[in-house]
Amino acid sequence: EGLLAAGGPLVGRHVLITSGPTHEPIDPVRYIANRSSGKQGHAIARAAAAAGARVTLVSGPVNLPDPFGVAVVQVESARDMLAAVEQALPADIAIFAAAVADWRVANAGTQKIKKNGGALPALSLAENPDILATIAHRNAGRPQLVVGFAAETQNVIDNAQKKLARKGCDLIVANDVSPANGVMGGDRNTVHLVTASGVDTWPTLSKADVAEKLMAHLARMIEVRP
Ligand code: CTP
Ligand code: CA
């Protein structure tokens with residue numbers, strides 16, 4: 001690393017990637033989050049840049065350096081992430097690797113919630129917008145290739161196939177995020193590429209290798225689908 005790719009299969013393409021968790025505020029000092037580290041999404045951004053693409057990375061809060069040669073937009077909540085994605089479009093390829101919080105706190109406090117003599121605060125939740133589905137179902141300005149992830153702890157393939165159909169994307173990268181697998185926060189990943197035409201299970205690889213292999217695969221897909 002250290003040199004920008006002079007060529008590569010994605011020269012002239014814009015690749016948009018989401019990465020990391022989102023933080024959903026409970027009050028000004030507290031939030032709901034998840035265990036996503038952003039390592040896989042950031043590795044994909046790095047691989048896309050290495051393949052010659054112009055890359056925009058919309059990232060939730062992570063403890064990772066900005067990938068070299070990538071435009072990084074930092075966001076906190078799911079709604080902020082959707083706005084940043086819409087701002088960054090158009091793109092040729094969009095890859096939604098973020099672990100977006102499914103729910104936000106509908107009654108978030110504008111001031112720090114105080115203990116109140118043993119009375120417990122009740123959080124009421126509202127569903128967040130589905131960023132991937134919103135973009136994939138667009139008629140005008142839909143990226144040529146829309147890629148989602150599926151984070152599952154059971155029935156990985158079956159759930160991923162349902163997500164592929166429901167969200168209207170071209171490809172789902174499915175991974176088993178059960179704690180025993182060490183995917184969330186770890187450096188390795190075992191993924192299944194799920195499309196309408198079948199399932200391709202890759203061996204366990206470093207997240208960097210998954211990213212490189214995925215970008216090579218997408219570069220071939222976009223070539224044959226002008
Ligand atoms: N996703 C998104 N916006 C959301 C929720 C999910 O863009 N509000 C995207 C993720 O980035 C991922 C894909 O949708 O690419 C699947 O996310 P996942 O959490 O596995 O699926 P959900 O549809 O949220 O369903 P569930 O969590 O109930 O399995
Ligand atoms: Ca989810």
# chains A, B, ... in the order shown; residues from 1 in each chain; ligands from 1

$ residues_near_ligand --ligand "ligand 2" --cutoff "8 Å" --atoms "only C-alpha atoms and all ligand atoms" --output "list in words"
Ala99, Val100, Ala101, Asp102 and Ala151 of chain A

$ select_by_dssp --residues "range 67-121 of chain A" --states "strand (DSSP E or B)" --output "list in words"
Ala71, Val72, Val73, Gln74, Ile93, Ala94, Ile95, Phe96, Ala99, Trp103, Arg104, Val105, Asn116 and Ala119 of chain A

$ write_last_selection --atoms "N, CA and C atoms" --output "short mmCIF file (atom, residue, chain, number, x, y, z; two decimals), in the first residue's frame"
data_model
loop_
_atom_site.label_atom_id
_atom_site.label_comp_id
_atom_site.auth_asym_id
_atom_site.auth_seq_id
_atom_site.Cartn_x
_atom_site.Cartn_y
_atom_site.Cartn_z
N ALA A 71 -13.00 9.30 0.26
CA ALA A 71 -13.75 10.40 0.88
C ALA A 71 -14.64 9.82 1.96
N VAL A 72 -14.39 10.20 3.20
CA VAL A 72 -15.13 9.64 4.33
C VAL A 72 -16.14 10.66 4.85
N VAL A 73 -17.38 10.22 5.00
CA VAL A 73 -18.43 11.05 5.61
C VAL A 73 -18.83 10.37 6.91
N GLN A 74 -18.63 11.07 8.02
CA GLN A 74 -18.93 10.47 9.32
C GLN A 74 -20.33 10.83 9.77
N ILE A 93 -21.73 1.68 -8.14
CA ILE A 93 -21.88 0.51 -7.26
C ILE A 93 -22.12 1.04 -5.85
N ALA A 94 -23.11 0.49 -5.16
CA ALA A 94 -23.35 0.84 -3.76
C ALA A 94 -23.30 -0.44 -2.93
N ILE A 95 -22.50 -0.41 -1.87
CA ILE A 95 -22.32 -1.59 -1.01
C ILE A 95 -22.69 -1.19 0.41
N PHE A 96 -23.73 -1.83 0.94
CA PHE A 96 -24.26 -1.44 2.25
C PHE A 96 -23.76 -2.42 3.31
N ALA A 99 -23.88 -1.92 9.86
CA ALA A 99 -24.85 -2.58 10.75
C ALA A 99 -25.75 -1.48 11.30
N TRP A 103 -33.82 0.11 15.12
CA TRP A 103 -34.76 0.99 15.83
C TRP A 103 -34.03 2.19 16.42
N ARG A 104 -34.72 3.28 16.49
CA ARG A 104 -34.23 4.45 17.23
C ARG A 104 -35.19 4.69 18.39
N VAL A 105 -34.78 5.53 19.31
CA VAL A 105 -35.62 5.86 20.46
C VAL A 105 -36.55 6.99 20.04
N ASN A 116 -35.06 8.96 39.11
CA ASN A 116 -36.23 9.64 39.66
C ASN A 116 -36.85 8.76 40.75
N ALA A 119 -38.17 5.22 39.91
CA ALA A 119 -39.08 5.07 38.76
C ALA A 119 -38.22 4.85 37.51
#

$ select_by_dssp --residues "range 77-152 of chain A" --states "alpha helix (DSSP H)" --output "MDAnalysis selection string"
chainID A and resid 78:88 131:136

$ write_last_selection --atoms "all heavy atoms" --output "CSV table (one decimal), in the first residue's frame"
chain,number,residue,atom,x,y,z
A,78,ALA,N,-28.9,6.3,12.0
A,78,ALA,CA,-29.4,5.7,10.7
A,78,ALA,C,-30.0,6.8,9.8
A,78,ALA,O,-29.8,6.8,8.6
A,78,ALA,CB,-30.5,4.6,11.0
A,79,ARG,N,-30.7,7.7,10.4
A,79,ARG,CA,-31.3,8.7,9.6
A,79,ARG,C,-30.3,9.6,9.0
A,79,ARG,O,-30.4,10.0,7.8
A,79,ARG,CB,-32.4,9.5,10.3
A,79,ARG,CG,-33.7,8.6,10.5
A,79,ARG,CD,-34.8,9.4,11.1
A,79,ARG,NE,-34.6,9.9,12.4
A,79,ARG,CZ,-35.5,10.6,13.1
A,79,ARG,NH1,-36.6,11.0,12.6
A,79,ARG,NH2,-35.2,11.0,14.3
A,80,ASP,N,-29.2,9.9,9.7
A,80,ASP,CA,-28.1,10.7,9.2
A,80,ASP,C,-27.4,9.9,8.1
A,80,ASP,O,-26.9,10.5,7.1
A,80,ASP,CB,-27.0,11.0,10.3
A,80,ASP,CG,-27.6,11.9,11.4
A,80,ASP,OD1,-28.6,12.5,11.2
A,80,ASP,OD2,-26.9,11.9,12.5
A,81,MET,N,-27.3,8.6,8.3
A,81,MET,CA,-26.6,7.8,7.3
A,81,MET,C,-27.4,7.8,6.0
A,81,MET,O,-26.8,7.9,4.9
A,81,MET,CB,-26.4,6.3,7.8
A,81,MET,CG,-25.6,5.5,6.9
A,81,MET,SD,-25.2,3.8,7.6
A,81,MET,CE,-23.7,4.2,8.5
A,82,LEU,N,-28.7,7.7,6.0
A,82,LEU,CA,-29.5,7.7,4.8
A,82,LEU,C,-29.3,9.1,4.1
A,82,LEU,O,-29.1,9.1,2.9
A,82,LEU,CB,-31.0,7.5,5.1
A,82,LEU,CG,-32.0,7.7,4.0
A,82,LEU,CD1,-31.6,6.7,2.8
A,82,LEU,CD2,-33.4,7.5,4.4
A,83,ALA,N,-29.3,10.2,4.9
A,83,ALA,CA,-29.2,11.5,4.3
A,83,ALA,C,-27.8,11.6,3.6
A,83,ALA,O,-27.7,12.1,2.5
A,83,ALA,CB,-29.4,12.6,5.3
A,84,ALA,N,-26.8,11.1,4.2
A,84,ALA,CA,-25.4,11.2,3.7
A,84,ALA,C,-25.3,10.3,2.4
A,84,ALA,O,-24.6,10.7,1.4
A,84,ALA,CB,-24.4,10.7,4.7
A,85,VAL,N,-26.0,9.2,2.4
A,85,VAL,CA,-25.9,8.3,1.2
A,85,VAL,C,-26.6,9.0,0.1
A,85,VAL,O,-26.1,9.0,-1.1
A,85,VAL,CB,-26.6,6.9,1.5
A,85,VAL,CG1,-27.0,6.2,0.3
A,85,VAL,CG2,-25.7,6.1,2.4
A,86,GLU,N,-27.8,9.6,0.3
A,86,GLU,CA,-28.5,10.3,-0.8
A,86,GLU,C,-27.7,11.5,-1.3
A,86,GLU,O,-27.6,11.7,-2.5
A,86,GLU,CB,-29.9,10.8,-0.3
A,86,GLU,CG,-30.8,9.6,-0.2
A,86,GLU,CD,-32.2,9.8,0.3
A,86,GLU,OE1,-32.3,10.7,1.2
A,86,GLU,OE2,-33.1,9.1,-0.1
A,87,GLN,N,-27.0,12.1,-0.4
A,87,GLN,CA,-26.1,13.2,-0.8
A,87,GLN,C,-24.9,12.8,-1.7
A,87,GLN,O,-24.5,13.5,-2.6
A,87,GLN,CB,-25.5,13.8,0.5
A,87,GLN,CG,-24.8,15.1,0.4
A,87,GLN,CD,-25.7,16.3,0.2
A,87,GLN,OE1,-25.5,17.0,-0.8
A,87,GLN,NE2,-26.6,16.5,1.1
A,88,ALA,N,-24.4,11.5,-1.4
A,88,ALA,CA,-23.3,11.0,-2.1
A,88,ALA,C,-23.6,10.4,-3.5
A,88,ALA,O,-22.8,10.3,-4.3
A,88,ALA,CB,-22.5,10.0,-1.3
A,131,ILE,N,-32.0,1.8,4.6
A,131,ILE,CA,-31.2,2.5,3.6
A,131,ILE,C,-31.0,1.7,2.4
A,131,ILE,O,-31.3,2.2,1.2
A,131,ILE,CB,-29.9,2.9,4.2
A,131,ILE,CG1,-30.1,3.7,5.5
A,131,ILE,CG2,-29.0,3.7,3.3
A,131,ILE,CD1,-28.8,3.9,6.4
A,132,LEU,N,-30.6,0.5,2.5
A,132,LEU,CA,-30.4,-0.4,1.4
A,132,LEU,C,-31.7,-0.5,0.5
A,132,LEU,O,-31.7,-0.4,-0.7
A,132,LEU,CB,-30.0,-1.8,1.9
A,132,LEU,CG,-30.0,-3.0,0.9
A,132,LEU,CD1,-29.1,-2.7,-0.3
A,132,LEU,CD2,-29.6,-4.3,1.6
A,133,ALA,N,-32.8,-0.8,1.2
A,133,ALA,CA,-34.1,-1.0,0.4
A,133,ALA,C,-34.5,0.2,-0.3
A,133,ALA,O,-35.0,0.2,-1.4
A,133,ALA,CB,-35.1,-1.6,1.3
A,134,THR,N,-34.3,1.4,0.4
A,134,THR,CA,-34.7,2.7,-0.2
A,134,THR,C,-34.0,2.9,-1.5
A,134,THR,O,-34.6,3.3,-2.5
A,134,THR,CB,-34.4,3.8,0.8
A,134,THR,OG1,-35.1,3.6,2.1
A,134,THR,CG2,-34.8,5.2,0.3
A,135,ILE,N,-32.6,2.7,-1.4
A,135,ILE,CA,-31.8,3.0,-2.6
A,135,ILE,C,-32.1,1.9,-3.7
A,135,ILE,O,-32.2,2.2,-4.9
A,135,ILE,CB,-30.3,3.1,-2.3
A,135,ILE,CG1,-30.1,4.1,-1.2
A,135,ILE,CG2,-29.5,3.3,-3.5
A,135,ILE,CD1,-30.7,5.5,-1.5
A,136,ALA,N,-32.2,0.6,-3.3
A,136,ALA,CA,-32.3,-0.4,-4.3
A,136,ALA,C,-33.6,-0.4,-5.0
A,136,ALA,O,-33.7,-0.8,-6.2
A,136,ALA,CB,-32.1,-1.8,-3.6

$ residues_around --residues "Met221 in chain A" --least-positions-apart "3" --cutoff "12 Å" --atoms "only C-alpha atoms" --output "list in words"
Pro9, Leu10, Asp92, Ile93, Gln144, Leu145, Val146, Val147, Asp170, Leu171, Thr195, Leu214, Met215, Ala216, His217, Leu218, Val224, Arg225 and Pro226 of chain A

$ residues_around --residues "Ser59 in chain A" --least-positions-apart "6" --cutoff "9 Å" --atoms "only C-alpha atoms" --output "PyMOL selection string"
chain A and resi 17-22+38+41-42+72-76+81+98

$ closest_residue --among "A:Leu205, A:Leu125, A:Ala97, A:Val183" --to "ligand 1" --atoms "only C-alpha atoms and all ligand atoms"
A:Ala97

$ closest_residue --among "A:Val156, A:Lys207, A:Arg30, A:Gly52" --to "Val177 in chain A" --atoms "only C-alpha atoms"
A:Val156

$ decode --residues "range 115-131 of chain A" --atoms "all heavy atoms" --output "PDB file, in the first residue's frame"
ATOM      1  N   LYS A 115     -32.245   9.962  37.227  1.00  0.00           N
ATOM      2  CA  LYS A 115     -32.904   8.980  38.094  1.00  0.00           C
ATOM      3  C   LYS A 115     -33.998   9.707  38.870  1.00  0.00           C
ATOM      4  O   LYS A 115     -33.843  10.868  39.231  1.00  0.00           O
ATOM      5  CB  LYS A 115     -31.890   8.374  39.071  1.00  0.00           C
ATOM      6  CG  LYS A 115     -31.053   7.300  38.453  1.00  0.00           C
ATOM      7  CD  LYS A 115     -30.059   6.753  39.455  1.00  0.00           C
ATOM      8  CE  LYS A 115     -29.022   7.818  39.772  1.00  0.00           C
ATOM      9  NZ  LYS A 115     -27.969   7.337  40.699  1.00  0.00           N
ATOM     10  N   ASN A 116     -35.061   8.964  39.110  1.00  0.00           N
ATOM     11  CA  ASN A 116     -36.234   9.636  39.662  1.00  0.00           C
ATOM     12  C   ASN A 116     -36.847   8.762  40.748  1.00  0.00           C
ATOM     13  O   ASN A 116     -37.886   8.133  40.536  1.00  0.00           O
ATOM     14  CB  ASN A 116     -37.216   9.931  38.516  1.00  0.00           C
ATOM     15  CG  ASN A 116     -38.510  10.574  38.993  1.00  0.00           C
ATOM     16  OD1 ASN A 116     -38.544  11.164  40.076  1.00  0.00           O
ATOM     17  ND2 ASN A 116     -39.554  10.453  38.201  1.00  0.00           N
ATOM     18  N   GLY A 117     -36.128   8.649  41.880  1.00  0.00           N
ATOM     19  CA  GLY A 117     -36.658   7.917  43.034  1.00  0.00           C
ATOM     20  C   GLY A 117     -37.050   6.485  42.723  1.00  0.00           C
ATOM     21  O   GLY A 117     -38.057   6.006  43.232  1.00  0.00           O
ATOM     22  N   GLY A 118     -36.289   5.799  41.849  1.00  0.00           N
ATOM     23  CA  GLY A 118     -36.574   4.392  41.565  1.00  0.00           C
ATOM     24  C   GLY A 118     -37.556   4.175  40.424  1.00  0.00           C
ATOM     25  O   GLY A 118     -37.734   3.046  39.971  1.00  0.00           O
ATOM     26  N   ALA A 119     -38.169   5.221  39.911  1.00  0.00           N
ATOM     27  CA  ALA A 119     -39.078   5.070  38.760  1.00  0.00           C
ATOM     28  C   ALA A 119     -38.217   4.851  37.506  1.00  0.00           C
ATOM     29  O   ALA A 119     -37.269   5.600  37.258  1.00  0.00           O
ATOM     30  CB  ALA A 119     -39.938   6.318  38.595  1.00  0.00           C
ATOM     31  N   LEU A 120     -38.544   3.826  36.734  1.00  0.00           N
ATOM     32  CA  LEU A 120     -37.708   3.495  35.580  1.00  0.00           C
ATOM     33  C   LEU A 120     -38.193   4.227  34.338  1.00  0.00           C
ATOM     34  O   LEU A 120     -39.395   4.255  34.060  1.00  0.00           O
ATOM     35  CB  LEU A 120     -37.748   1.983  35.328  1.00  0.00           C
ATOM     36  CG  LEU A 120     -37.274   1.129  36.508  1.00  0.00           C
ATOM     37  CD1 LEU A 120     -37.413  -0.347  36.165  1.00  0.00           C
ATOM     38  CD2 LEU A 120     -35.831   1.461  36.873  1.00  0.00           C
ATOM     39  N   PRO A 121     -37.264   4.795  33.561  1.00  0.00           N
ATOM     40  CA  PRO A 121     -37.699   5.429  32.319  1.00  0.00           C
ATOM     41  C   PRO A 121     -38.117   4.347  31.319  1.00  0.00           C
ATOM     42  O   PRO A 121     -37.521   3.266  31.281  1.00  0.00           O
ATOM     43  CB  PRO A 121     -36.457   6.168  31.837  1.00  0.00           C
ATOM     44  CG  PRO A 121     -35.313   5.445  32.449  1.00  0.00           C
ATOM     45  CD  PRO A 121     -35.806   4.854  33.739  1.00  0.00           C
ATOM     46  N   ALA A 122     -39.099   4.615  30.512  1.00  0.00           N
ATOM     47  CA  ALA A 122     -39.524   3.680  29.464  1.00  0.00           C
ATOM     48  C   ALA A 122     -39.068   4.236  28.119  1.00  0.00           C
ATOM     49  O   ALA A 122     -39.341   5.387  27.795  1.00  0.00           O
ATOM     50  CB  ALA A 122     -41.034   3.513  29.483  1.00  0.00           C
ATOM     51  N   LEU A 123     -38.339   3.397  27.386  1.00  0.00           N
ATOM     52  CA  LEU A 123     -37.935   3.817  26.040  1.00  0.00           C
ATOM     53  C   LEU A 123     -38.981   3.313  25.069  1.00  0.00           C
ATOM     54  O   LEU A 123     -39.323   2.132  25.080  1.00  0.00           O
ATOM     55  CB  LEU A 123     -36.574   3.204  25.692  1.00  0.00           C
ATOM     56  CG  LEU A 123     -35.403   3.596  26.586  1.00  0.00           C
ATOM     57  CD1 LEU A 123     -34.120   2.957  26.060  1.00  0.00           C
ATOM     58  CD2 LEU A 123     -35.262   5.105  26.652  1.00  0.00           C
ATOM     59  N   SER A 124     -39.461   4.171  24.200  1.00  0.00           N
ATOM     60  CA  SER A 124     -40.314   3.637  23.134  1.00  0.00           C
ATOM     61  C   SER A 124     -39.533   3.751  21.831  1.00  0.00           C
ATOM     62  O   SER A 124     -38.815   4.725  21.585  1.00  0.00           O
ATOM     63  CB  SER A 124     -41.667   4.330  23.099  1.00  0.00           C
ATOM     64  OG  SER A 124     -41.562   5.582  22.508  1.00  0.00           O
ATOM     65  N   LEU A 125     -39.630   2.720  21.022  1.00  0.00           N
ATOM     66  CA  LEU A 125     -38.793   2.611  19.835  1.00  0.00           C
ATOM     67  C   LEU A 125     -39.594   2.893  18.571  1.00  0.00           C
ATOM     68  O   LEU A 125     -40.803   2.666  18.524  1.00  0.00           O
ATOM     69  CB  LEU A 125     -38.197   1.200  19.751  1.00  0.00           C
ATOM     70  CG  LEU A 125     -37.335   0.766  20.937  1.00  0.00           C
ATOM     71  CD1 LEU A 125     -36.804  -0.656  20.712  1.00  0.00           C
ATOM     72  CD2 LEU A 125     -36.170   1.725  21.147  1.00  0.00           C
ATOM     73  N   ALA A 126     -38.901   3.384  17.559  1.00  0.00           N
ATOM     74  CA  ALA A 126     -39.491   3.564  16.228  1.00  0.00           C
ATOM     75  C   ALA A 126     -38.554   2.889  15.230  1.00  0.00           C
ATOM     76  O   ALA A 126     -37.340   2.854  15.439  1.00  0.00           O
ATOM     77  CB  ALA A 126     -39.633   5.052  15.905  1.00  0.00           C
ATOM     78  N   GLU A 127     -39.093   2.334  14.153  1.00  0.00           N
ATOM     79  CA  GLU A 127     -38.253   1.650  13.170  1.00  0.00           C
ATOM     80  C   GLU A 127     -37.505   2.664  12.316  1.00  0.00           C
ATOM     81  O   GLU A 127     -38.080   3.669  11.877  1.00  0.00           O
ATOM     82  CB  GLU A 127     -39.106   0.735  12.288  1.00  0.00           C
ATOM     83  CG  GLU A 127     -38.252  -0.230  11.469  1.00  0.00           C
ATOM     84  CD  GLU A 127     -39.059  -1.428  10.957  1.00  0.00           C
ATOM     85  OE1 GLU A 127     -39.939  -1.909  11.699  1.00  0.00           O
ATOM     86  OE2 GLU A 127     -38.805  -1.853   9.824  1.00  0.00           O
ATOM     87  N   ASN A 128     -36.235   2.404  12.071  1.00  0.00           N
ATOM     88  CA  ASN A 128     -35.433   3.276  11.217  1.00  0.00           C
ATOM     89  C   ASN A 128     -35.729   3.014   9.745  1.00  0.00           C
ATOM     90  O   ASN A 128     -36.167   1.908   9.389  1.00  0.00           O
ATOM     91  CB  ASN A 128     -33.937   3.044  11.498  1.00  0.00           C
ATOM     92  CG  ASN A 128     -33.436   3.919  12.624  1.00  0.00           C
ATOM     93  OD1 ASN A 128     -33.907   5.046  12.804  1.00  0.00           O
ATOM     94  ND2 ASN A 128     -32.485   3.399  13.385  1.00  0.00           N
ATOM     95  N   PRO A 129     -35.447   3.969   8.883  1.00  0.00           N
ATOM     96  CA  PRO A 129     -35.574   3.704   7.451  1.00  0.00           C
ATOM     97  C   PRO A 129     -34.574   2.635   7.031  1.00  0.00           C
ATOM     98  O   PRO A 129     -33.479   2.562   7.580  1.00  0.00           O
ATOM     99  CB  PRO A 129     -35.226   5.054   6.807  1.00  0.00           C
ATOM    100  CG  PRO A 129     -34.428   5.788   7.835  1.00  0.00           C
ATOM    101  CD  PRO A 129     -34.950   5.322   9.163  1.00  0.00           C
ATOM    102  N   ASP A 130     -34.952   1.790   6.080  1.00  0.00           N
ATOM    103  CA  ASP A 130     -34.023   0.789   5.529  1.00  0.00           C
ATOM    104  C   ASP A 130     -33.273   1.451   4.368  1.00  0.00           C
ATOM    105  O   ASP A 130     -33.840   1.674   3.290  1.00  0.00           O
ATOM    106  CB  ASP A 130     -34.794  -0.435   5.059  1.00  0.00           C
ATOM    107  CG  ASP A 130     -33.863  -1.584   4.690  1.00  0.00           C
ATOM    108  OD1 ASP A 130     -32.824  -1.322   4.035  1.00  0.00           O
ATOM    109  OD2 ASP A 130     -34.157  -2.729   5.061  1.00  0.00           O
ATOM    110  N   ILE A 131     -32.023   1.771   4.611  1.00  0.00           N
ATOM    111  CA  ILE A 131     -31.237   2.536   3.634  1.00  0.00           C
ATOM    112  C   ILE A 131     -31.045   1.724   2.355  1.00  0.00           C
ATOM    113  O   ILE A 131     -31.268   2.219   1.244  1.00  0.00           O
ATOM    114  CB  ILE A 131     -29.870   2.936   4.250  1.00  0.00           C
ATOM    115  CG1 ILE A 131     -30.101   3.731   5.544  1.00  0.00           C
ATOM    116  CG2 ILE A 131     -29.045   3.740   3.255  1.00  0.00           C
ATOM    117  CD1 ILE A 131     -28.846   3.901   6.389  1.00  0.00           C
TER     118      ILE A 131
END
